[in-house]
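**Student:** Data file upload-v8.tsv (TSV, C-alpha atoms) is appended below.
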chain	number	residue	atom	x	y	z
V	28	MET	CA	-199.81	140.05	33.09
V	29	TYR	CA	-201.76	142.61	35.12
V	30	LEU	CA	-204.82	141.20	36.86
V	31	SER	CA	-207.39	143.04	38.93
V	32	ALA	CA	-210.77	142.30	40.50
V	33	ALA	CA	-212.45	144.19	37.66
V	34	ASN	CA	-210.24	142.90	34.84
V	35	HIS	CA	-208.88	139.37	35.22
V	36	ARG	CA	-209.55	137.64	31.92
V	37	ILE	CA	-206.75	135.85	30.12
V	38	PRO	CA	-206.76	135.05	26.38
V	39	LEU	CA	-207.69	131.68	24.88
V	40	SER	CA	-206.23	130.42	21.61
V	41	ASP	CA	-209.59	130.70	19.80
V	42	GLY	CA	-209.81	134.47	20.33
V	43	ASN	CA	-212.09	134.28	23.37
V	44	SER	CA	-210.99	134.90	26.95
V	45	ILE	CA	-211.55	133.30	30.35
V	46	PRO	CA	-211.69	134.88	33.83
V	47	ILE	CA	-208.72	133.55	35.81
V	48	ILE	CA	-210.87	132.76	38.84
V	49	GLY	CA	-214.21	130.96	38.83
V	50	LEU	CA	-216.60	129.43	41.32
V	51	GLY	CA	-216.55	125.64	41.52
V	52	THR	CA	-220.02	124.18	42.13
V	53	TYR	CA	-219.41	120.49	42.81
V	54	SER	CA	-220.97	119.09	45.95
V	55	GLU	CA	-222.38	115.71	46.86
V	56	PRO	CA	-226.02	116.01	45.66
V	57	LYS	CA	-227.50	113.97	48.51
V	58	LEU	CA	-225.80	116.11	51.15
V	59	THR	CA	-226.53	119.55	49.67
V	60	PRO	CA	-229.81	121.30	50.50
V	61	LYS	CA	-231.83	122.46	47.51
V	62	GLY	CA	-231.08	126.05	46.52
V	63	THR	CA	-227.61	126.14	48.11
V	64	CYS	CA	-225.83	126.22	44.77
V	65	ALA	CA	-228.11	128.96	43.32
V	66	LYS	CA	-227.57	131.13	46.39
V	67	SER	CA	-223.78	130.68	46.15
V	68	VAL	CA	-223.69	131.57	42.43
V	69	LYS	CA	-225.66	134.78	43.14
V	70	ILE	CA	-223.21	135.74	45.93
V	71	ALA	CA	-220.29	134.97	43.62
V	72	ILE	CA	-221.66	137.18	40.83
V	73	ASP	CA	-222.30	140.01	43.30
V	74	THR	CA	-218.72	139.60	44.56
V	75	GLY	CA	-217.28	139.95	41.05
V	76	TYR	CA	-216.91	136.37	39.78
V	77	ARG	CA	-217.66	136.08	36.06
V	78	HIS	CA	-216.69	132.42	35.64
V	79	ILE	CA	-218.80	129.53	36.95
V	80	ASP	CA	-217.73	125.89	36.63
V	81	GLY	CA	-220.37	123.19	36.44
V	82	ALA	CA	-221.27	119.79	35.00
V	83	TYR	CA	-224.33	117.66	34.36
V	84	ILE	CA	-223.04	115.06	36.82
V	85	TYR	CA	-223.20	117.63	39.67
V	86	GLN	CA	-227.02	117.60	39.36
V	87	ASN	CA	-227.24	121.34	40.03
V	88	GLU	CA	-226.86	122.95	36.60
V	89	HIS	CA	-230.48	124.12	36.77
V	90	GLU	CA	-229.63	126.10	39.91
V	91	VAL	CA	-226.59	127.68	38.24
V	92	GLY	CA	-228.77	128.71	35.28
V	93	GLU	CA	-231.49	130.06	37.55
V	94	ALA	CA	-228.97	132.21	39.45
V	95	ILE	CA	-227.36	133.59	36.29
V	96	ARG	CA	-230.76	134.37	34.74
V	97	GLU	CA	-231.84	136.22	37.87
V	98	LYS	CA	-228.69	138.36	37.88
V	99	ILE	CA	-229.13	139.14	34.17
V	100	ALA	CA	-232.79	140.10	34.76
V	101	LYS	CA	-231.73	142.44	37.58
V	102	GLY	CA	-229.16	144.11	35.31
V	103	LYS	CA	-226.19	143.00	37.43
V	104	VAL	CA	-224.51	141.24	34.48
V	105	GLN	CA	-225.04	140.49	30.82
V	106	ARG	CA	-224.90	136.94	29.48
V	107	GLU	CA	-221.71	137.67	27.52
V	108	ASP	CA	-219.98	138.67	30.79
V	109	ILE	CA	-220.36	135.15	32.20
V	110	PHE	CA	-218.00	132.32	31.29
V	111	TYR	CA	-219.85	129.10	32.10
V	112	CYS	CA	-217.50	126.14	32.06
V	113	GLY	CA	-219.67	123.13	31.29
V	114	LYS	CA	-218.78	120.14	29.17
V	115	GLY	CA	-219.30	120.94	25.45
V	116	LEU	CA	-218.92	119.03	22.17
V	117	GLU	CA	-217.69	119.90	18.68
V	118	ALA	CA	-221.21	119.89	17.23
V	119	CYS	CA	-222.25	122.49	19.83
V	120	LYS	CA	-219.34	124.70	18.78
V	121	ASP	CA	-220.30	124.36	15.11
V	122	ALA	CA	-223.89	125.29	15.95
V	123	GLY	CA	-222.74	128.34	17.88
V	124	LEU	CA	-224.09	126.95	21.16
V	125	VAL	CA	-220.71	127.12	22.87
V	126	LYS	CA	-217.91	129.64	22.41
V	127	SER	CA	-214.88	127.58	23.37
V	128	LEU	CA	-214.02	123.90	23.68
V	129	GLY	CA	-211.73	122.44	26.32
V	130	VAL	CA	-210.95	119.05	27.81
V	131	SER	CA	-210.52	117.70	31.33
V	132	ASN	CA	-208.02	115.27	32.88
V	133	PHE	CA	-206.18	114.74	29.60
V	134	ASN	CA	-202.54	113.69	29.87
V	135	ARG	CA	-199.85	114.65	27.35
V	136	ARG	CA	-200.40	111.56	25.18
V	137	GLN	CA	-204.15	112.16	24.99
V	138	LEU	CA	-203.64	115.84	24.15
V	139	GLU	CA	-201.18	114.90	21.40
V	140	LEU	CA	-203.74	112.49	19.93
V	141	ILE	CA	-206.18	115.39	19.56
V	142	LEU	CA	-203.62	117.96	18.40
V	143	ASN	CA	-202.30	115.56	15.74
V	144	LYS	CA	-205.75	114.44	14.58
V	145	PRO	CA	-206.06	114.88	10.79
V	146	GLY	CA	-208.63	117.53	9.92
V	147	LEU	CA	-208.91	118.78	13.52
V	148	LYS	CA	-211.61	121.45	13.51
V	149	HIS	CA	-211.38	122.81	17.03
V	150	LYS	CA	-208.19	122.69	19.05
V	151	PRO	CA	-208.89	122.46	22.81
V	152	VAL	CA	-208.30	125.85	24.44
V	153	SER	CA	-208.11	124.49	27.99
V	154	ASN	CA	-207.41	121.38	30.04
V	155	GLN	CA	-209.05	121.15	33.46
V	156	VAL	CA	-206.89	119.14	35.86
V	157	GLU	CA	-206.01	118.93	39.54
V	158	CYS	CA	-203.36	121.55	40.30
V	159	HIS	CA	-202.16	123.10	43.59
V	160	PRO	CA	-198.87	123.51	45.52
V	161	TYR	CA	-198.76	119.81	46.50
V	162	PHE	CA	-199.41	118.78	42.87
V	163	THR	CA	-198.02	121.56	40.70
V	164	GLN	CA	-198.14	119.74	37.32
V	165	PRO	CA	-194.90	121.38	36.02
V	166	LYS	CA	-194.47	119.12	32.96
V	167	LEU	CA	-198.12	119.18	31.89
V	168	LEU	CA	-198.26	122.95	32.45
V	169	LYS	CA	-195.18	123.48	30.27
V	170	PHE	CA	-196.57	121.23	27.51
V	171	CYS	CA	-199.93	123.02	27.57
V	172	GLN	CA	-198.29	126.46	27.50
V	173	GLN	CA	-196.24	125.39	24.47
V	174	HIS	CA	-199.51	124.54	22.69
V	175	ASP	CA	-201.55	127.57	23.84
V	176	ILE	CA	-203.75	125.43	26.09
V	177	VAL	CA	-204.77	127.08	29.36
V	178	ILE	CA	-204.70	124.92	32.50
V	179	ILE	CA	-207.81	125.23	34.67
V	180	ALA	CA	-207.10	123.99	38.21
V	181	TYR	CA	-209.79	122.03	39.98
V	182	SER	CA	-209.29	121.33	43.68
V	183	PRO	CA	-206.94	124.36	43.78
V	184	LEU	CA	-207.22	124.43	47.59
V	185	GLY	CA	-206.82	120.68	47.99
V	186	THR	CA	-209.98	118.71	48.75
V	187	SER	CA	-212.20	117.46	51.52
V	188	ARG	CA	-210.70	114.59	53.51
V	189	ASN	CA	-213.35	112.08	52.46
V	190	PRO	CA	-211.41	108.79	52.14
V	191	THR	CA	-214.08	107.26	49.89
V	192	TRP	CA	-212.81	109.39	46.98
V	193	VAL	CA	-209.80	111.37	48.26
V	194	ASN	CA	-206.23	110.13	48.57
V	195	ILE	CA	-205.44	111.25	52.12
V	196	SER	CA	-201.75	110.17	52.05
V	197	SER	CA	-200.83	113.86	51.58
V	198	PRO	CA	-201.46	116.14	54.57
V	199	PRO	CA	-204.14	118.88	54.28
V	200	LEU	CA	-202.76	121.57	51.95
V	201	LEU	CA	-204.10	124.56	53.88
V	202	LYS	CA	-202.31	123.49	57.08
V	203	ASP	CA	-198.91	123.83	55.35
V	204	GLU	CA	-196.38	125.81	57.41
V	205	LEU	CA	-194.93	127.84	54.51
V	206	LEU	CA	-198.33	128.79	53.10
V	207	ASN	CA	-199.50	129.97	56.52
V	208	ALA	CA	-196.25	131.90	57.12
V	209	LEU	CA	-196.74	133.70	53.79
V	210	GLY	CA	-200.35	134.32	54.78
V	211	LYS	CA	-199.17	136.10	57.92
V	212	LYS	CA	-196.69	138.18	55.91
V	213	TYR	CA	-199.35	139.40	53.46
V	214	LYS	CA	-202.25	139.42	55.96
V	215	LYS	CA	-203.97	136.77	53.85
V	216	THR	CA	-205.20	133.22	54.46
V	217	ALA	CA	-203.31	130.15	53.29
V	218	ALA	CA	-206.14	129.65	50.74
V	219	GLN	CA	-205.56	133.12	49.27
V	220	ILE	CA	-201.81	132.43	49.01
V	221	VAL	CA	-202.50	129.15	47.20
V	222	LEU	CA	-204.90	130.78	44.73
V	223	ARG	CA	-202.51	133.68	44.10
V	224	PHE	CA	-199.69	131.20	43.41
V	225	ASN	CA	-201.62	129.57	40.58
V	226	ILE	CA	-203.05	132.70	38.96
V	227	GLN	CA	-199.60	134.27	39.05
V	228	ARG	CA	-198.35	131.48	36.79
V	229	GLY	CA	-201.28	131.81	34.41
V	230	VAL	CA	-203.33	128.92	35.80
V	231	VAL	CA	-207.10	129.48	36.08
V	232	VAL	CA	-208.52	128.49	39.48
V	233	ILE	CA	-212.05	127.34	40.29
V	234	PRO	CA	-212.25	127.04	44.09
V	235	LYS	CA	-215.51	125.44	45.21
V	236	SER	CA	-217.32	127.02	48.12
V	237	PHE	CA	-220.92	127.40	49.23
V	238	ASN	CA	-219.81	129.50	52.22
V	239	PRO	CA	-220.59	133.20	51.52
V	240	GLU	CA	-217.56	134.51	53.44
V	241	ARG	CA	-215.17	132.08	51.74
V	242	ILE	CA	-216.59	132.88	48.29
V	243	LYS	CA	-215.75	136.55	48.94
V	244	GLU	CA	-212.39	135.75	50.54
V	245	ASN	CA	-211.26	133.55	47.64
V	246	PHE	CA	-211.84	136.48	45.27
V	247	GLN	CA	-209.57	138.82	47.25
V	248	ILE	CA	-206.34	137.78	45.54
V	249	PHE	CA	-205.71	140.72	43.22
V	250	ASP	CA	-204.32	143.20	45.77
V	251	PHE	CA	-200.94	141.53	46.40
V	252	SER	CA	-198.35	139.45	44.57
V	253	LEU	CA	-195.79	136.86	45.58
V	254	THR	CA	-192.08	137.41	44.93
V	255	GLU	CA	-190.17	135.20	42.47
V	256	GLU	CA	-188.42	133.50	45.40
V	257	GLU	CA	-191.72	132.84	47.17
V	258	MET	CA	-193.14	131.33	43.97
V	259	LYS	CA	-190.12	128.99	43.81
V	260	ASP	CA	-190.50	128.07	47.48
V	261	ILE	CA	-194.18	127.17	46.90
V	262	GLU	CA	-193.29	125.19	43.76
V	263	ALA	CA	-190.83	123.21	45.92
V	264	LEU	CA	-193.74	121.98	48.06
V	265	ASN	CA	-194.78	119.71	45.16
V	266	LYS	CA	-195.22	116.11	46.37
V	267	ASN	CA	-196.40	114.92	42.95
V	268	VAL	CA	-199.27	113.09	44.63
V	269	ARG	CA	-202.89	113.54	43.56
V	270	PHE	CA	-205.71	114.07	46.02
V	271	VAL	CA	-208.23	113.04	43.33
V	272	GLU	CA	-207.17	109.73	41.74
V	273	MET	CA	-210.55	108.69	40.30
V	274	LEU	CA	-209.73	105.06	40.99
V	275	MET	CA	-213.23	103.94	39.99
V	276	TRP	CA	-212.03	104.38	36.38
V	277	CYS	CA	-208.48	103.04	36.76
V	278	ASP	CA	-209.24	99.93	34.65
V	279	HIS	CA	-210.51	101.99	31.72
V	280	PRO	CA	-208.11	101.88	28.72
V	281	GLU	CA	-208.07	105.70	28.60
V	282	TYR	CA	-207.58	106.24	32.34
V	283	PRO	CA	-205.20	109.23	32.17
V	284	PHE	CA	-203.22	108.91	35.39
V	285	HIS	CA	-201.09	105.86	34.58
V	286	ASP	CA	-198.78	108.07	32.48
V	287	GLU	CA	-196.18	110.31	34.14
V	288	TYR	CA	-198.09	113.43	33.02
Translate this structure into structure tokens?
**Tutor:**
Amino acid sequence: MYLSAANHRIPLSDGNSIPIIGLGTYSEPKLTPKGTCAKSVKIAIDTGYRHIDGAYIYQNEHEVGEAIREKIAKGKVQREDIFYCGKGLEACKDAGLVKSLGVSNFNRRQLELILNKPGLKHKPVSNQVECHPYFTQPKLLKFCQQHDIVIIAYSPLGTSRNPTWVNISSPPLLKDELLNALGKKYKKTAAQIVLRFNIQRGVVVIPKSFNPERIKENFQIFDFSLTEEEMKDIEALNKNVRFVEMLMWCDHPEYPFHDEY
């Protein structure tokens, strides 16, 4: 699979395609100055990003829309160039309001419930889950690949170290010795090595950043590739421990993380 800065879409099972790197836009609403998200989306589009991830719960979708509209008005992009990853429903697909339907944080059992649903109209084309070298999701990735479901990795660079919602039992991903050694070899940062690792195995990444330099840096992952041995070495870093456990929902009957994968 050849990927470049100008051409990095991968196919979805419904005939559409998704850019393999997107900009994540989650930030704690109370701590983020107004306009920060819009500014970051504009920088991302200028850099070459054509995939923006968002959600109603982030409370900044209006800023994402404002930024995209401005770039369309200026002729930088057309609407069909942009893959906006929000949270859609079957009725929206039927009405032509969304192109593709995916799910998030579904485990194998939950995916099988959908795939085996009688009269299923729209098979999910993607499953957005935590995925990075310390939590590589090998079994879920294999299952999804067998069913033409693309994995979209949130927290692909690890997460903040906020103990109120992050499991900090694993050390910070970007301080890892191997990742930094590979960074030196390729004259890249540990973050760029981590992102390259996932896109090289067909996993879409949506690193969140509101830092202009990091937004640009995260996109510079198409001018090198890791060897097969290096990919295996990074896979071996897997600790099978989540940073994002979402424990506030652990008592819910459909909490997905009680199952092995």
**Student:** Which of these residues is nearest to V:Met28, using all atoms listed in the file: V:Ser236, V:Ser54, V:Gln227, V:Ser131?
**Tutor:**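 That would be V:Gln227, the residue with the smallest distance to V:Met28.
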**Student:** Which residues come within 10 Å of V:Lys169, counting only C-alpha atoms, excluding same-chain residues fewer than 6 positions away, as a PyMOL selection string?
**Tutor:** chain V and resi 175-176+178
**Student:** Quick one: distance from atom CA of V:Ile79 to atom CA of V:Phe110 in Å, one decimal?
**Tutor:**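 Atom-to-atom, atom CA of V:Ile79 to atom CA of V:Phe110, that is 6.4 Å.
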**Student:** Nearest to V:Gly51 among V:Asn134, V:Tyr111, V:Asn34, V:Ala94, with distances taken over all atoms listed in the file: which residue is it?
**Tutor:**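 Distance minimum relative to V:Gly51 lands on V:Tyr111.
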**Student:** Kindly compute an axis-aligned box around the listed atoms of stretch 71-77 of chain V, allowing 6 Å on each side, and express its centre and edge lengths in Å to one decimal as JSON.
**Tutor:**
{"center_x": -219.6, "center_y": 137.5, "center_z": 40.3, "size_x": 17.4, "size_y": 17.0, "size_z": 20.5}
**Student:** Would you mind telling me which residue in V:Glu257, V:Pro56, V:His149, V:Val230 lies nearest to V:Ala208 when using only C-alpha atoms?
**Tutor:** V:Glu257
**Student:** From the list V:Phe162, V:Tyr213, V:Phe284, V:Tyr53, which residue is nearest V:Lys266 when using only C-alpha atoms?
**Tutor:** V:Phe162
**Student:** Between V:Asp108, V:Ala218, V:Ile84, V:Thr52, which residue has the minimum interatomic distance to V:Ala33, considering all atoms listed in the file?
**Tutor:**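 Nearest candidate to V:Ala33 out of V:Asp108, V:Ala218, V:Ile84, V:Thr52: V:Asp108.
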**Student:** For atom CA of V:Asp73 and atom CA of V:Gly102, determine how far apart the two atoms are, in Å to one decimal place.
**Tutor:**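 Here the two named atoms are 11.3 Å from each other.
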**Student:** With only C-alpha atoms as the basis for distance, which of V:Ile220, V:Leu264, V:Ile99, V:Leu140 is at the shortest distance from V:Tyr161?
**Tutor:**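 Going through V:Ile220, V:Leu264, V:Ile99, V:Leu140 one by one, the smallest distance to V:Tyr161 is for V:Leu264.
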